[in-house]
Amino acid sequence: MSEDERHARDELATLEALLQAMDRRDEVFQVVDDSETVDEAILRVGQLLGIGAVSSRAVIDLQVRRFTGGQRRAMASRAGELRAILLDRG
């Protein structure tokens, strides 16, 4: 796997995690609110969404301003671009 492909896969995994978190924001916010520490929140968000530690940290680090419809559409568009690129290489 090339470095470009690895980078695209990593970015896609992160974007998919962020999109899933945005779609399930109430659950994510509740898990974070119920957590005592950031590390606990990262672990619990990962368990909730079925994602790894890197993607879970990206969800925790997501700023609330990114939850707008326009930002979500931009992330979904980029995820679609990456899927197409990876399928072409596939």
# chains A, B, ... in the order shown; residues from 1 in each chain; ligands from 1
>>> residues_around(residues="A:Ser2", least_positions_apart="5", cutoff="12 Å", atoms="only C-alpha atoms", output="PyMOL selection string")
chain A and resi 7-9+86+89-90
>>> write_last_selection(atoms="N, CA, C and O atoms", output="PDB file, in the first residue's frame")
ATOM      1  N   HIS A   7      -2.682   7.251   3.622  1.00  0.00           N
ATOM      2  CA  HIS A   7      -3.178   8.535   4.100  1.00  0.00           C
ATOM      3  C   HIS A   7      -4.665   8.695   3.764  1.00  0.00           C
ATOM      4  O   HIS A   7      -5.451   9.156   4.611  1.00  0.00           O
ATOM      5  N   ALA A   8      -5.067   8.323   2.546  1.00  0.00           N
ATOM      6  CA  ALA A   8      -6.468   8.431   2.138  1.00  0.00           C
ATOM      7  C   ALA A   8      -7.354   7.541   3.001  1.00  0.00           C
ATOM      8  O   ALA A   8      -8.442   7.951   3.420  1.00  0.00           O
ATOM      9  N   ARG A   9      -6.901   6.320   3.280  1.00  0.00           N
ATOM     10  CA  ARG A   9      -7.679   5.412   4.136  1.00  0.00           C
ATOM     11  C   ARG A   9      -7.816   5.961   5.554  1.00  0.00           C
ATOM     12  O   ARG A   9      -8.893   5.890   6.151  1.00  0.00           O
ATOM     13  N   LEU A  86     -10.045   5.543  -3.653  1.00  0.00           N
ATOM     14  CA  LEU A  86      -9.608   4.230  -3.177  1.00  0.00           C
ATOM     15  C   LEU A  86     -10.182   3.107  -4.022  1.00  0.00           C
ATOM     16  O   LEU A  86      -9.511   2.098  -4.259  1.00  0.00           O
ATOM     17  N   ARG A  89      -8.182   2.753  -7.208  1.00  0.00           N
ATOM     18  CA  ARG A  89      -6.876   2.128  -6.986  1.00  0.00           C
ATOM     19  C   ARG A  89      -7.002   0.650  -6.648  1.00  0.00           C
ATOM     20  O   ARG A  89      -6.023  -0.078  -6.701  1.00  0.00           O
ATOM     21  N   GLY A  90      -8.194   0.264  -6.250  1.00  0.00           N
ATOM     22  CA  GLY A  90      -8.489  -0.968  -5.680  1.00  0.00           C
ATOM     23  C   GLY A  90      -8.314  -2.260  -6.210  1.00  0.00           C
ATOM     24  O   GLY A  90      -8.067  -3.264  -5.891  1.00  0.00           O
TER      25      GLY A  90
END
>>> residues_around(residues="stretch 68-81 of chain A", least_positions_apart="5", cutoff="8 Å", atoms="only C-alpha atoms", output="list in words")
Leu12, Leu15, Glu16, Leu19 and Met22 of chain A
>>> closest_residue(among="A:Leu82, A:Met1, A:Ile60, A:Leu18", to="A:Asp33", atoms="only C-alpha atoms")
A:Ile60
>>> closest_residue(among="A:Glu5, A:Phe67, A:Gln20, A:Leu43", to="A:Ala84", atoms="only C-alpha atoms")
A:Glu5
>>> residues_around(residues="stretch 25-28 of chain A", least_positions_apart="3", cutoff="8 Å", atoms="only C-alpha atoms", output="tab-separated table (two decimals) with C-alpha atoms, in the first residue's frame")
chain	number	residue	atom	x	y	z
A	21	ALA	CA	-20.75	11.09	15.59
A	22	MET	CA	-22.64	13.99	14.04
A	31	VAL	CA	-21.30	9.62	26.78
A	32	VAL	CA	-18.87	12.54	27.03
A	45	VAL	CA	-17.04	7.14	22.36
A	48	LEU	CA	-20.33	3.59	21.28
>>> select_by_dssp(residues="chain A", states="alpha helix (DSSP H)", output="VMD selection string")
chain A and resid 3 to 23 25 to 34 38 to 49 53 to 61 69 to 89
>>> residues_around(residues="A:Ile42", least_positions_apart="6", cutoff="7 Å", atoms="only C-alpha atoms", output="list of chain:residue names")
A:Ala53, A:Ser56, A:Arg57, A:Ile60
>>> atom_distance(atom1="atom CA of A:Phe29", atom2="atom CA of A:Leu62")
11.5 Å
>>> atom_distance(atom1="atom CA of A:Asp88", atom2="atom CA of A:Val59")
28.1 Å
>>> decode(residues="stretch 25-71 of chain A", atoms="N, CA and C atoms", output="mmCIF file, in the first residue's frame")
data_model
loop_
_atom_site.group_PDB
_atom_site.id
_atom_site.type_symbol
_atom_site.label_atom_id
_atom_site.label_comp_id
_atom_site.auth_asym_id
_atom_site.auth_seq_id
_atom_site.Cartn_x
_atom_site.Cartn_y
_atom_site.Cartn_z
ATOM 1 N N ARG A 25 -25.174 12.597 17.585
ATOM 2 C CA ARG A 25 -24.644 13.615 18.502
ATOM 3 C C ARG A 25 -25.215 13.544 19.901
ATOM 4 N N ASP A 26 -26.503 13.272 20.044
ATOM 5 C CA ASP A 26 -27.085 13.214 21.389
ATOM 6 C C ASP A 26 -26.434 12.110 22.218
ATOM 7 N N GLU A 27 -26.251 10.946 21.613
ATOM 8 C CA GLU A 27 -25.611 9.839 22.321
ATOM 9 C C GLU A 27 -24.157 10.161 22.642
ATOM 10 N N VAL A 28 -23.458 10.752 21.676
ATOM 11 C CA VAL A 28 -22.048 11.104 21.882
ATOM 12 C C VAL A 28 -21.919 12.118 23.007
ATOM 13 N N PHE A 29 -22.746 13.161 22.971
ATOM 14 C CA PHE A 29 -22.676 14.178 24.025
ATOM 15 C C PHE A 29 -22.978 13.574 25.393
ATOM 16 N N GLN A 30 -23.925 12.637 25.446
ATOM 17 C CA GLN A 30 -24.252 12.008 26.730
ATOM 18 C C GLN A 30 -23.086 11.179 27.251
ATOM 19 N N VAL A 31 -22.451 10.421 26.378
ATOM 20 C CA VAL A 31 -21.296 9.615 26.778
ATOM 21 C C VAL A 31 -20.172 10.515 27.288
ATOM 22 N N VAL A 32 -19.922 11.610 26.600
ATOM 23 C CA VAL A 32 -18.873 12.544 27.026
ATOM 24 C C VAL A 32 -19.241 13.158 28.367
ATOM 25 N N ASP A 33 -20.482 13.579 28.505
ATOM 26 C CA ASP A 33 -20.938 14.193 29.753
ATOM 27 C C ASP A 33 -20.833 13.223 30.927
ATOM 28 N N ASP A 34 -21.086 11.955 30.689
ATOM 29 C CA ASP A 34 -21.037 10.939 31.744
ATOM 30 C C ASP A 34 -19.612 10.498 32.091
ATOM 31 N N SER A 35 -18.641 10.883 31.290
ATOM 32 C CA SER A 35 -17.255 10.463 31.502
ATOM 33 C C SER A 35 -16.561 11.399 32.490
ATOM 34 N N GLU A 36 -15.696 10.823 33.299
ATOM 35 C CA GLU A 36 -14.961 11.599 34.312
ATOM 36 C C GLU A 36 -13.705 12.252 33.746
ATOM 37 N N THR A 37 -13.102 11.618 32.737
ATOM 38 C CA THR A 37 -11.857 12.127 32.155
ATOM 39 C C THR A 37 -11.941 12.096 30.636
ATOM 40 N N VAL A 38 -11.031 12.796 29.997
ATOM 41 C CA VAL A 38 -10.961 12.778 28.536
ATOM 42 C C VAL A 38 -10.646 11.371 28.045
ATOM 43 N N ASP A 39 -9.721 10.697 28.713
ATOM 44 C CA ASP A 39 -9.369 9.337 28.295
ATOM 45 C C ASP A 39 -10.571 8.402 28.368
ATOM 46 N N GLU A 40 -11.364 8.544 29.420
ATOM 47 C CA GLU A 40 -12.580 7.729 29.544
ATOM 48 C C GLU A 40 -13.554 8.071 28.420
ATOM 49 N N ALA A 41 -13.701 9.355 28.120
ATOM 50 C CA ALA A 41 -14.601 9.776 27.039
ATOM 51 C C ALA A 41 -14.152 9.194 25.700
ATOM 52 N N ILE A 42 -12.851 9.222 25.435
ATOM 53 C CA ILE A 42 -12.320 8.665 24.191
ATOM 54 C C ILE A 42 -12.646 7.177 24.096
ATOM 55 N N LEU A 43 -12.408 6.465 25.177
ATOM 56 C CA LEU A 43 -12.699 5.028 25.200
ATOM 57 C C LEU A 43 -14.186 4.761 24.989
ATOM 58 N N ARG A 44 -15.032 5.494 25.699
ATOM 59 C CA ARG A 44 -16.475 5.259 25.633
ATOM 60 C C ARG A 44 -17.066 5.671 24.282
ATOM 61 N N VAL A 45 -16.578 6.753 23.697
ATOM 62 C CA VAL A 45 -17.045 7.145 22.364
ATOM 63 C C VAL A 45 -16.627 6.079 21.350
ATOM 64 N N GLY A 46 -15.416 5.573 21.485
ATOM 65 C CA GLY A 46 -14.965 4.502 20.599
ATOM 66 C C GLY A 46 -15.849 3.271 20.698
ATOM 67 N N GLN A 47 -16.217 2.912 21.912
ATOM 68 C CA GLN A 47 -17.099 1.762 22.113
ATOM 69 C C GLN A 47 -18.489 2.033 21.542
ATOM 70 N N LEU A 48 -19.002 3.226 21.777
ATOM 71 C CA LEU A 48 -20.329 3.588 21.282
ATOM 72 C C LEU A 48 -20.406 3.500 19.764
ATOM 73 N N LEU A 49 -19.404 4.032 19.102
ATOM 74 C CA LEU A 49 -19.426 4.123 17.644
ATOM 75 C C LEU A 49 -18.708 2.972 16.948
ATOM 76 N N GLY A 50 -18.014 2.130 17.704
ATOM 77 C CA GLY A 50 -17.281 1.016 17.101
ATOM 78 C C GLY A 50 -16.098 1.487 16.281
ATOM 79 N N ILE A 51 -15.366 2.468 16.829
ATOM 80 C CA ILE A 51 -14.224 3.047 16.109
ATOM 81 C C ILE A 51 -12.971 2.943 16.968
ATOM 82 N N GLY A 52 -11.821 3.131 16.341
ATOM 83 C CA GLY A 52 -10.548 3.050 17.039
ATOM 84 C C GLY A 52 -10.218 4.317 17.803
ATOM 85 N N ALA A 53 -9.094 4.257 18.498
ATOM 86 C CA ALA A 53 -8.677 5.352 19.372
ATOM 87 C C ALA A 53 -8.396 6.645 18.603
ATOM 88 N N VAL A 54 -7.775 6.551 17.443
ATOM 89 C CA VAL A 54 -7.450 7.758 16.675
ATOM 90 C C VAL A 54 -8.734 8.452 16.226
ATOM 91 N N SER A 55 -9.666 7.694 15.693
ATOM 92 C CA SER A 55 -10.940 8.269 15.255
ATOM 93 C C SER A 55 -11.751 8.771 16.438
ATOM 94 N N SER A 56 -11.699 8.045 17.540
ATOM 95 C CA SER A 56 -12.424 8.467 18.735
ATOM 96 C C SER A 56 -11.879 9.793 19.259
ATOM 97 N N ARG A 57 -10.574 9.954 19.252
ATOM 98 C CA ARG A 57 -9.980 11.225 19.682
ATOM 99 C C ARG A 57 -10.409 12.348 18.740
ATOM 100 N N ALA A 58 -10.488 12.064 17.441
ATOM 101 C CA ALA A 58 -10.935 13.082 16.486
ATOM 102 C C ALA A 58 -12.364 13.520 16.797
ATOM 103 N N VAL A 59 -13.207 12.575 17.197
ATOM 104 C CA VAL A 59 -14.577 12.919 17.581
ATOM 105 C C VAL A 59 -14.567 13.811 18.814
ATOM 106 N N ILE A 60 -13.788 13.449 19.811
ATOM 107 C CA ILE A 60 -13.715 14.236 21.045
ATOM 108 C C ILE A 60 -13.162 15.635 20.754
ATOM 109 N N ASP A 61 -12.239 15.739 19.827
ATOM 110 C CA ASP A 61 -11.622 17.024 19.497
ATOM 111 C C ASP A 61 -12.477 17.879 18.562
ATOM 112 N N LEU A 62 -13.556 17.319 18.030
ATOM 113 C CA LEU A 62 -14.408 18.044 17.091
ATOM 114 C C LEU A 62 -15.050 19.244 17.781
ATOM 115 N N GLN A 63 -14.875 20.404 17.195
ATOM 116 C CA GLN A 63 -15.474 21.618 17.747
ATOM 117 C C GLN A 63 -16.959 21.661 17.388
ATOM 118 N N VAL A 64 -17.750 22.160 18.314
ATOM 119 C CA VAL A 64 -19.196 22.192 18.123
ATOM 120 C C VAL A 64 -19.578 22.961 16.855
ATOM 121 N N ARG A 65 -18.822 23.976 16.488
ATOM 122 C CA ARG A 65 -19.139 24.754 15.282
ATOM 123 C C ARG A 65 -19.104 23.898 14.031
ATOM 124 N N ARG A 66 -18.430 22.752 14.082
ATOM 125 C CA ARG A 66 -18.342 21.865 12.922
ATOM 126 C C ARG A 66 -19.619 21.033 12.735
ATOM 127 N N PHE A 67 -20.561 21.128 13.674
ATOM 128 C CA PHE A 67 -21.795 20.351 13.605
ATOM 129 C C PHE A 67 -22.858 20.986 12.703
ATOM 130 N N THR A 68 -22.511 22.060 12.009
ATOM 131 C CA THR A 68 -23.473 22.693 11.110
ATOM 132 C C THR A 68 -23.731 21.813 9.893
ATOM 133 N N GLY A 69 -24.867 22.040 9.273
ATOM 134 C CA GLY A 69 -25.209 21.265 8.085
ATOM 135 C C GLY A 69 -24.196 21.422 6.965
ATOM 136 N N GLY A 70 -23.706 22.625 6.776
ATOM 137 C CA GLY A 70 -22.720 22.865 5.724
ATOM 138 C C GLY A 70 -21.425 22.124 5.964
ATOM 139 N N GLN A 71 -20.959 22.126 7.198
ATOM 140 C CA GLN A 71 -19.735 21.399 7.537
ATOM 141 C C GLN A 71 -19.926 19.896 7.348
#
